[in-house]
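**Q** My structure is below; once you've seen it, I'll send some questions.
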Amino acid sequence: MLTRFIPNLFTLGNLFLGMMAILLAIEGNYSLAAIMVIVAMLLDGLDGRVARALNAQSEFGKELDSLSDMVSFGAAPALIVFMVSFQDASPVLAWIATASFPICGAIRLARFNVRPGIPGYFTGLPIPAAGGVLATLSLFNKDIGPISMIIATLLLSYLMVSSLKYPNFKKVGLPRKAIWIAPWVVAFAVAIAVMFPENLSKLIFIPLVLYALYGMKHNLRTAASRSRAKKRREEKSSRSDR
């Protein structure tokens, strides 16, 4: 019984860090708030692997994971970017962008729970990646104006509900013997994050953005390939009709 609850502890840790991110953002500690989102991503990546390693997967855990993700990667990043970047923007635009992000995140999570996915891929940008990008992007508020930040927020919102394909790394397994190491990895990540909050957040921003852009590039390449194939078929059909 206890073994089956272990993965849920990671999920609840994810939720706890999401709440911490919200509270830190309200207090004005935006760098540490962004770090809480990043560490929550680590816990989110571990809970499913631990569940599979312990053969403790359940519908309860799946639903709890979605609810936790909604807080940590939907509400928390939206609040962070609103507090950091949208104070000088048009209130209407700021409210629309801020609300759109968790709304699209909720749609993305609901779709993931009810629709069978493509093996090895996610359909739409996963909400942890979108939340991580938005939370860390907000730290560049001195270099990025509020309008650009609003556009980025709306773009990330769209990517979550889009049909773009993203690689699914969650299926990478975790050996059962390595489970006891996971809490130490999390503790180490938290310690490093607390010591170097802003630098670490900006460093992690790079791979997260590359992952978010991957789907757009892959989709454009696929669309171009289909267009060329269609053009070749039309040319072949045209020659055969002569």
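Simple scheme: letters A, B, ... for chains in structure tokens order, numbers from 1 for residues in each chain, numbers from 1 for ligands in the order shown.
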Excluding Phe73 (chain A) and residues on its chain fewer than 6 positions from it, collect all residues at most 9 Å away from it, counting only C-alpha atoms, and give them as an NGL selection string.
**A** :A and (18 or 37 or 40-41 or 102 or 105 or 127-132 or 134-135)
**Q** What's the 12 Å shell around Gly74 (chain A), counting only C-alpha atoms, without same-chain residues fewer than 2 positions away, as a PyMOL selection string?
**A** chain A and resi 15+18-19+21-22+37+40+66-72+76-81+98-109+126-135+153+156-157+160
**Q** Please compute the CA of Asp47 (chain A)-CA of Asn8 (chain A) distance, one decimal, in Å.
**A**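 Between these atoms lies a distance of 6.9 Å.
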**Q** Of the residues A:Ala33, A:Ile206, A:Ile6, A:Leu159, which is the one nearest to Gln57 (chain A), using only C-alpha atoms?
**A** A:Ile6
**Q** List as a PyMOL selection string the protein and nucleic acid residues near Leu43 (chain A), meaning an atom at most 7 Å away when only C-alpha atoms are counted, but skip any in the same chain fewer than 3 places from it.
**A** chain A and resi 10-11+13-14+39-40+46-47
**Q** So that I can see what lies close to Ala56 (chain A), please list as a count of residues only the residues with an atom at most 9 Å from it, counting only C-alpha atoms and leaving out residues fewer than 5 positions away in the same chain.
**A** 8
**Q** In Å, how far is it from CA of Val209 (chain A) to CA of Glu63 (chain A)?
**A**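 Separating CA of Val209 (chain A) from CA of Glu63 (chain A) is a distance of 27.2 Å.
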**Q** So that I can check the secondary structure, give me every residue of region 69-178 of chain A assigned helix (DSSP H, G or I) by backbone DSSP, as a PyMOL selection string.
**A** chain A and resi 69-85+91-114+127-140+146-161+176-178
**Q** Please indicate the distance in Å from CA of Ala34 (chain A) to CA of Leu137 (chain A), rounded to one decimal place.
**A**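 Rounded to one decimal, the two atoms are 9.1 Å apart.
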**Q** Measuring atom to atom with only C-alpha atoms, identify which of A:Tyr166, A:Phe60, A:Trp95, A:Phe82 is nearest to Ile26 (chain A).
**A** A:Phe82
**Q** Calculated over only C-alpha atoms, which of the candidates A:Ser90, A:Ser85, A:Asn168, A:Thr123 has the smallest distance to Met149 (chain A)?
**A**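 Checking each of A:Ser90, A:Ser85, A:Asn168, A:Thr123 against Met149 (chain A), counting only C-alpha atoms, the winner is A:Ser85.
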